[in-house]
Amino acid sequence: MHWLRYFRMPLCKALQARFMSVSLQVTPGCCLFDEPLRVTVSGLDPGQKVTLQASLTDEVGETFTSSGRYQAGSSGELDLSRSPALEGGSYVGVEPEGPLWAMLPRTPHKRFVRRNVQAPAQLNFSLYGAHEPLGPLLSTATQERAFMGEGVTRSTLREGRVRGSLFLPPGTGPFPGLIEIQGTGGGLIEYKASLLASKGFATLALAYYGYEDLPKDMKQFHLEYFEEAINYMLQHPRVKGPGIGLLGHSKGGDLVLSMASFLKGITASAVVNGSIANVGAALHYRDVILPPISFDVKKVTFSDTGVADITNILNNPLEEPHRASLIPIWKADCKLLFIVGQDDRNWRSEFYAKAASDLLEEHGKEKPEVVCYPETGHYIEPPNFPLCKSSFHKLVGRQVVWGGQTKAHAMAQVYAWKKIQDFLFKHLMPHHL
């Protein structure tokens with residue numbers, strides 16, 4: 001055994017020295033979640049094959065991971081902005097943000113959601129020698145990705161009936177005002193609002209059910225509640241008038257269209273994969289009631305693993321007797337933007353955007369701006385969020401597929417995020433651009 005110990009000791013020291021000589025650099029050390037990623041490696045052997053693994057654990061303990069295979073350059077270096085990822089990993093080619101957007105949950109049908117926006121998420125990187133099987137661990141690095149920029153403030157809002165969180169940029173303003181509304185999950189989700197405040201918007205993340213003393217479920221909603229939220233923002237001393245903007249995704253999208261159609265004080269509205277029909281719950285405003293659009297369960301299809309595809313289950317709101325659920329968008333007196341994922345499997349977002357354009361034109365109104373992204377699914381999130389391919393749908397009561405191809409969807413998130421901000425700044429702060 002003495003001879004075995006003799007050879008083991010120098011080998012262990014050699015591996016330790018190798019680990020210390022390889023430097024994995026992730027910069028900056030802390031940034032906003034939607035900002036670019038810079039990863040470099042030095043100290044490798046020329047042409048050495050390595051595997052870069054990235055991981056991110058959410059607040060409920062679900063871990064999302066990605067893996068990229070690389071080969072060092074002639075000087076023993078890697079730079080993800082120039083070095084292509086090789087076949088066999090989570091992404092291929094020159095993809096600086098690939099380690100982030102290519103992440104998949106270890107447990108199927110999970111979506112990455114951030115609820116605590118006041119603490120940054122920690123991104124962990126590990127660099128291993130070789131590809132398959134993995135060699136020794138060569139270096140590690142971490143990066144913090146925040147959801148609130150420096151100087152952004154958050155305050156819990158309990159004003160009258162309105163419940164949510166108000167995020168204000170640093171400074172005295174006044175700032176363009178924005179109300180952001182999420183989909184059918186309920187509760188209070190703030191990550192978009194906090195990031196948008198970091199870009200210069202006074203943003204209200206508005207809860208509308210399943211939070212504090214708001215309704216427990218989606219049975220009926222009253223637009224007077226949303227009107228109260230608009231008036232609160234218009235009267236805020238750090239919000240620039242004379243109108244505010246709206247941003248809504250999925251169910252939040254049809255709520256935004258209803259607000260724009262019935263309420264005053266709205267200058268610009270952006271809808272991300274939204275419906276032109278009222279969905280899920282009756283909507284009341286004064287003496288008007290929009291019933292929820294009906295659906296046909298026979299149009300649900302299932303994958304071999306039992307995941308539902310609900311793309312076509314909602315009835316057509318342009319046809320009788322379903323027109324009662326159609327939102328009268330021709331009454332809207334604001335600029336409109338539709339962001340469309342052409343592979344949205346929640347419902348037919350592209351059809352709704354085209355129908356909205358036609359309806360507005362028929363009524364002599366200005367047509368909306370419609371931007372379509374191919375191979376893009378339902379959950380169009382800020383940049384670097386992993387694609388949610390399938391997850392539990394609260395209204396359907398089971399796992400459903402959401403659509404999207406990983407690379408195309410990731411690129412669409414980058415472009416759509418910028419497009420939404422440019423659109424809102426253009427109409428809320430016309431001298432900003």
# chains A, B, ... in the order shown; residues from 1 in each chain; ligands from 1

call {"tool": "residues_around", "arguments": {"residues": "Val22 of chain A", "least_positions_apart": "5", "cutoff": "12 Å", "atoms": "only C-alpha atoms", "output": "ChimeraX atom specification"}}
result
/A:15-17,40-45,48,50,72,76-78,126-129,136-141

call {"tool": "residues_around", "arguments": {"residues": "segment 419-430 of chain A", "least_positions_apart": "3", "cutoff": "12 Å", "atoms": "only C-alpha atoms", "output": "VMD selection string"}}
result
chain A and resid 173 to 180 192 to 193 195 to 203 239 to 249 265 to 272 334 to 340 368 to 373 380 to 382 412 to 416 433

call {"tool": "write_last_selection", "arguments": {"atoms": "C-alpha atoms", "output": "short mmCIF file (atom, residue, chain, number, x, y, z; two decimals), in the first residue's frame"}}
result
data_model
loop_
_atom_site.label_atom_id
_atom_site.label_comp_id
_atom_site.auth_asym_id
_atom_site.auth_seq_id
_atom_site.Cartn_x
_atom_site.Cartn_y
_atom_site.Cartn_z
CA GLY A 173 -39.04 62.30 -11.41
CA PRO A 174 -41.66 62.66 -12.58
CA PHE A 175 -41.47 59.30 -14.32
CA PRO A 176 -43.68 57.65 -16.93
CA GLY A 177 -46.35 55.70 -15.02
CA LEU A 178 -47.10 52.07 -15.75
CA ILE A 179 -49.41 49.39 -14.37
CA GLU A 180 -48.21 45.81 -14.95
CA LYS A 192 -41.35 42.61 -14.43
CA ALA A 193 -42.45 45.69 -12.51
CA LEU A 195 -37.07 45.48 -13.65
CA LEU A 196 -39.11 48.13 -15.50
CA ALA A 197 -38.67 50.54 -12.59
CA SER A 198 -34.95 49.92 -13.01
CA LYS A 199 -35.36 51.20 -16.59
CA GLY A 200 -37.08 54.42 -15.53
CA PHE A 201 -40.79 53.62 -15.16
CA ALA A 202 -42.84 54.26 -12.03
CA THR A 203 -44.43 50.82 -12.06
CA VAL A 239 -45.83 60.01 -12.04
CA LYS A 240 -45.78 62.10 -15.20
CA GLY A 241 -49.20 62.63 -16.75
CA PRO A 242 -51.46 63.23 -18.43
CA GLY A 243 -51.87 59.46 -18.93
CA ILE A 244 -50.21 56.21 -17.94
CA GLY A 245 -49.24 52.97 -19.68
CA LEU A 246 -50.47 49.42 -19.22
CA LEU A 247 -48.64 46.12 -19.71
CA GLY A 248 -50.41 42.78 -19.46
CA HIS A 249 -49.58 39.18 -20.28
CA GLY A 265 -56.34 58.14 -18.35
CA ILE A 266 -54.52 55.53 -20.48
CA THR A 267 -52.05 56.69 -23.12
CA ALA A 268 -50.44 53.41 -24.27
CA SER A 269 -51.19 49.71 -23.73
CA ALA A 270 -48.92 46.76 -24.48
CA VAL A 271 -50.44 43.28 -24.64
CA VAL A 272 -48.25 40.16 -24.60
CA CYS A 334 -54.76 54.94 -26.65
CA LYS A 335 -51.88 53.51 -28.62
CA LEU A 336 -51.84 49.70 -28.72
CA LEU A 337 -49.01 47.19 -29.08
CA PHE A 338 -49.52 43.44 -29.48
CA ILE A 339 -46.53 41.17 -28.82
CA VAL A 340 -47.25 37.75 -30.34
CA PRO A 368 -52.35 48.65 -33.42
CA GLU A 369 -48.69 47.86 -33.76
CA VAL A 370 -48.34 44.07 -34.00
CA VAL A 371 -44.95 42.35 -33.62
CA CYS A 372 -44.85 38.59 -34.19
CA TYR A 373 -42.02 36.28 -33.17
CA ILE A 380 -42.55 35.77 -23.16
CA GLU A 381 -40.50 36.89 -20.16
CA PRO A 382 -37.66 39.40 -19.67
CA ALA A 412 -37.69 36.91 -28.92
CA GLN A 413 -37.57 37.73 -25.21
CA VAL A 414 -34.61 40.06 -25.81
CA TYR A 415 -36.27 41.84 -28.73
CA ALA A 416 -39.75 42.00 -27.17
CA LEU A 433 -36.02 58.61 -27.51
#

call {"tool": "residues_around", "arguments": {"residues": "segment 387-404 of chain A", "least_positions_apart": "2", "cutoff": "7 Å", "atoms": "only C-alpha atoms", "output": "NGL selection string"}}
result
:A and (101 or 109-111 or 184-185 or 307-309 or 343-346 or 375-379 or 385 or 406 or 409)

call {"tool": "write_last_selection", "arguments": {"atoms": "N, CA and C atoms", "output": "PDB file, in the first residue's frame"}}
result
ATOM      1  N   TRP A 101     -30.366  31.203 -20.693  1.00  0.00           N
ATOM      2  CA  TRP A 101     -31.652  30.927 -21.328  1.00  0.00           C
ATOM      3  C   TRP A 101     -31.857  29.464 -21.687  1.00  0.00           C
ATOM      4  N   HIS A 109     -42.007  20.123 -16.067  1.00  0.00           N
ATOM      5  CA  HIS A 109     -43.205  20.954 -15.952  1.00  0.00           C
ATOM      6  C   HIS A 109     -43.086  22.021 -14.865  1.00  0.00           C
ATOM      7  N   LYS A 110     -41.890  22.586 -14.725  1.00  0.00           N
ATOM      8  CA  LYS A 110     -41.702  23.654 -13.758  1.00  0.00           C
ATOM      9  C   LYS A 110     -41.346  24.951 -14.483  1.00  0.00           C
ATOM     10  N   ARG A 111     -41.830  26.060 -13.928  1.00  0.00           N
ATOM     11  CA  ARG A 111     -41.569  27.388 -14.479  1.00  0.00           C
ATOM     12  C   ARG A 111     -40.743  28.185 -13.480  1.00  0.00           C
ATOM     13  N   THR A 184     -53.087  34.288 -15.023  1.00  0.00           N
ATOM     14  CA  THR A 184     -54.097  33.644 -14.180  1.00  0.00           C
ATOM     15  C   THR A 184     -53.554  33.037 -12.887  1.00  0.00           C
ATOM     16  N   GLY A 185     -52.266  33.157 -12.620  1.00  0.00           N
ATOM     17  CA  GLY A 185     -51.715  32.519 -11.437  1.00  0.00           C
ATOM     18  C   GLY A 185     -52.178  33.114 -10.123  1.00  0.00           C
ATOM     19  N   VAL A 307     -49.569  15.405 -21.282  1.00  0.00           N
ATOM     20  CA  VAL A 307     -49.593  16.862 -21.182  1.00  0.00           C
ATOM     21  C   VAL A 307     -50.622  17.409 -22.173  1.00  0.00           C
ATOM     22  N   ALA A 308     -51.460  18.317 -21.717  1.00  0.00           N
ATOM     23  CA  ALA A 308     -52.559  18.823 -22.532  1.00  0.00           C
ATOM     24  C   ALA A 308     -52.106  19.962 -23.450  1.00  0.00           C
ATOM     25  N   ASP A 309     -52.695  20.011 -24.638  1.00  0.00           N
ATOM     26  CA  ASP A 309     -52.544  21.124 -25.568  1.00  0.00           C
ATOM     27  C   ASP A 309     -53.917  21.781 -25.684  1.00  0.00           C
ATOM     28  N   ASP A 343     -45.884  30.566 -31.754  1.00  0.00           N
ATOM     29  CA  ASP A 343     -46.056  29.184 -31.310  1.00  0.00           C
ATOM     30  C   ASP A 343     -46.723  29.153 -29.933  1.00  0.00           C
ATOM     31  N   ASP A 344     -47.514  30.184 -29.639  1.00  0.00           N
ATOM     32  CA  ASP A 344     -48.255  30.219 -28.377  1.00  0.00           C
ATOM     33  C   ASP A 344     -49.258  29.065 -28.367  1.00  0.00           C
ATOM     34  N   ARG A 345     -49.135  28.176 -27.374  1.00  0.00           N
ATOM     35  CA  ARG A 345     -50.030  27.014 -27.302  1.00  0.00           C
ATOM     36  C   ARG A 345     -51.082  27.175 -26.204  1.00  0.00           C
ATOM     37  N   ASN A 346     -51.145  28.365 -25.615  1.00  0.00           N
ATOM     38  CA  ASN A 346     -52.197  28.617 -24.640  1.00  0.00           C
ATOM     39  C   ASN A 346     -53.496  28.990 -25.342  1.00  0.00           C
ATOM     40  N   GLU A 375     -41.646  30.729 -33.674  1.00  0.00           N
ATOM     41  CA  GLU A 375     -41.143  29.692 -32.764  1.00  0.00           C
ATOM     42  C   GLU A 375     -41.071  30.195 -31.317  1.00  0.00           C
ATOM     43  N   THR A 376     -41.976  31.105 -30.971  1.00  0.00           N
ATOM     44  CA  THR A 376     -42.013  31.698 -29.644  1.00  0.00           C
ATOM     45  C   THR A 376     -43.308  31.315 -28.953  1.00  0.00           C
ATOM     46  N   GLY A 377     -43.194  30.893 -27.691  1.00  0.00           N
ATOM     47  CA  GLY A 377     -44.336  30.366 -26.976  1.00  0.00           C
ATOM     48  C   GLY A 377     -45.104  31.410 -26.184  1.00  0.00           C
ATOM     49  N   HIS A 378     -45.838  30.937 -25.177  1.00  0.00           N
ATOM     50  CA  HIS A 378     -46.768  31.792 -24.445  1.00  0.00           C
ATOM     51  C   HIS A 378     -46.066  32.693 -23.432  1.00  0.00           C
ATOM     52  N   TYR A 379     -45.133  32.142 -22.678  1.00  0.00           N
ATOM     53  CA  TYR A 379     -44.490  32.904 -21.605  1.00  0.00           C
ATOM     54  C   TYR A 379     -43.310  33.699 -22.141  1.00  0.00           C
ATOM     55  N   PHE A 385     -34.640  34.695 -18.901  1.00  0.00           N
ATOM     56  CA  PHE A 385     -35.508  33.752 -18.218  1.00  0.00           C
ATOM     57  C   PHE A 385     -35.565  32.459 -19.029  1.00  0.00           C
ATOM     58  N   THR A 406     -36.413  26.728 -27.886  1.00  0.00           N
ATOM     59  CA  THR A 406     -35.565  27.368 -26.875  1.00  0.00           C
ATOM     60  C   THR A 406     -34.789  28.576 -27.402  1.00  0.00           C
ATOM     61  N   HIS A 409     -37.123  31.400 -28.897  1.00  0.00           N
ATOM     62  CA  HIS A 409     -37.882  32.021 -27.814  1.00  0.00           C
ATOM     63  C   HIS A 409     -36.981  32.959 -27.001  1.00  0.00           C
TER      64      HIS A 409
END

call {"tool": "closest_residue", "arguments": {"among": "A:Pro170, A:Arg323, A:Gly89, A:Asn116", "to": "Glu132 of chain A", "atoms": "only C-alpha atoms"}}
result
A:Gly89

call {"tool": "atom_distance", "arguments": {"atom1": "atom CA of Val39 of chain A", "atom2": "atom CA of Thr142 of chain A"}}
result
10.8 Å

call {"tool": "closest_residue", "arguments": {"among": "A:Ile189, A:Val26, A:Leu255, A:Met218", "to": "Asn124 of chain A", "atoms": "only C-alpha atoms"}}
result
A:Val26
